[in-house]
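*Asks:* Structure incoming, see below.
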Amino acid sequence: MPKKINIAVDGHSSCGKGTLARNIAKSLGYVFIDSGAMYRAVTLYMLTKNLKPDDLKSNPTILNDINIEFRFNPSLQFFETFLNGKLVEEEIRGMEVASWVSQVSAIKEVRDFLVAQQRKIGLEKGVVMDGRDIGTVVFPDAELKIFMTARPAVRAKRRFDELREKGKDVNYEEVLMNIMERDRIDSTRAESPFLKADDAITLDNTDMTREQQAEVALQWARGVIAAG
Ligand code: DC
């Protein structure tokens with residue numbers, strides 16, 4: 001049995017890192033974890049309970065009422081996000097959550113709460129996790145770290161098409177502004193800002209197809225695994 005490694009895939013909002021991470025995990029038979037879905041689930045919890053970021057800062061024990069799970073759906077071949085036992089995959093991808101999630105994920109208590117869970121998942125190895133701080137904070141010892149990016153206009157177009165396909169009433173400018181604002185908050189926050197790890201490899205997919213990206217990343221992963 002070749003040894004298993006952990007793979008960190010960090011990248012800007014809507015740059016396709018989830019799709020890439022999922023494809024790598026599928027090809028290698030690894031577990032895929034979308035850490036952004038965890039921040040989104042906490043945000044959804046706060047919105048449904050009418051809580052503001054300041055409520056969490058003053059009373060972090062609120063977090064103890066939040067249970068996030070990923071359950072594999074074999075017919076979709078996809079890990080779906082459950083919040084306190086309820087399937088929330090669709091809800092966490094909406095614009096309301098998107099417009100609050102960067103503020104929620106800037107809260108130290110939220111990060112400590114989720115990073116502890118993410119590290120636990122990585123103990124067994126064989127995990128591909130995507131996010132913003134996976135290579136820098138969650139798995140600083142990950143054997144392979146990929147830093148993904150693409151031009152903002154291209155990311156916004158992809159996200160816009162995805163939302164429209166789902167029948168959401170959005171406009172392109174709104175999506176582009178949201179992406180740029182999230183980039184700004186994620187990279188400038190005091191707690192674990194979104195940074196490229198020194199030992200991460202950059203993958204700019206502005207002009208690449210999904211298949212090309214997956215091929216490049218898999219080559220890197222297989223190279224690391226073979227080097228043992
Ligand atoms: O990857 P995403 O767009 O679904 O992430 C949603 C938000 O969560 C994003 O604006 C930043 C935050 N996030 C984070 O701070 N750290 C992570 N590891 C993953 C996501």
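Ligands are numbered from 1 in the order shown, chains are lettered A, B, ... in the order of the structure tokens, and residues start at 1 in each chain.
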Within 8 Å of ligand 1 (counting only C-alpha atoms and all ligand atoms), which residues show up? I'd like them as a ChimeraX atom specification.

*Replies:* /A:10-14,17-18,34-40,93,98,101-102,105-106,111,130-134,138,182-183,185-186,192-194

*Asks:* For stretch 79-92 of chain A, please output as a list in words all residues within 6 Å (counting only C-alpha atoms; exclusion window: fewer than 5 positions along the same chain).

*Replies:* Arg40, Asn67, Ile68, Glu69, Phe70, Arg71, Phe72, Asn73 and Val97 of chain A

*Asks:* Leaving out A:Asn64 and any residue of its chain fewer than 2 positions from it, which residues lie within 12 Å of it when counting only C-alpha atoms, given as a compact mmCIF listing (two decimals) with C-alpha atoms, in the first residue's frame?

*Replies:*
# COMPACT_ATOMS: atom_id res chain seq x y z
CA VAL A 42 -21.89 28.28 11.07
CA TYR A 45 -26.87 28.79 11.91
CA LEU A 56 -20.74 35.14 19.02
CA ASN A 59 -20.87 34.42 23.93
CA PRO A 60 -18.76 31.82 22.11
CA THR A 61 -20.53 28.95 23.95
CA ILE A 62 -23.20 29.36 21.24
CA ILE A 66 -23.54 23.60 16.30
CA ASN A 67 -22.86 20.14 14.91
CA ILE A 68 -21.53 19.89 11.36
CA ASN A 84 -27.52 19.70 13.35
CA GLU A 109 -13.57 31.63 18.29
CA VAL A 110 -15.20 30.32 15.11
CA PHE A 113 -13.76 25.69 16.86
CA LEU A 114 -13.57 24.57 13.21

*Asks:* Let me make sure I understand: among A:Pro152, A:Ser99, A:Pro2, A:Thr19, which one has the smallest atom-to-atom distance to A:Thr206 if we use only C-alpha atoms?

*Replies:* A:Pro152

*Asks:* Using Å and a single decimal, report how far atom CA of A:Ala8 sits from atom CA of A:Glu143.

*Replies:*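 Between atom CA of A:Glu143 and atom CA of A:Ala8 the gap is 8.3 Å.
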
*Asks:* For A:Gly16, which residue out of A:Met95, A:Leu218, A:Met208, A:Val224 is the nearest one, using only C-alpha atoms?

*Replies:*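 Closest residue, counting only C-alpha atoms: A:Met208.
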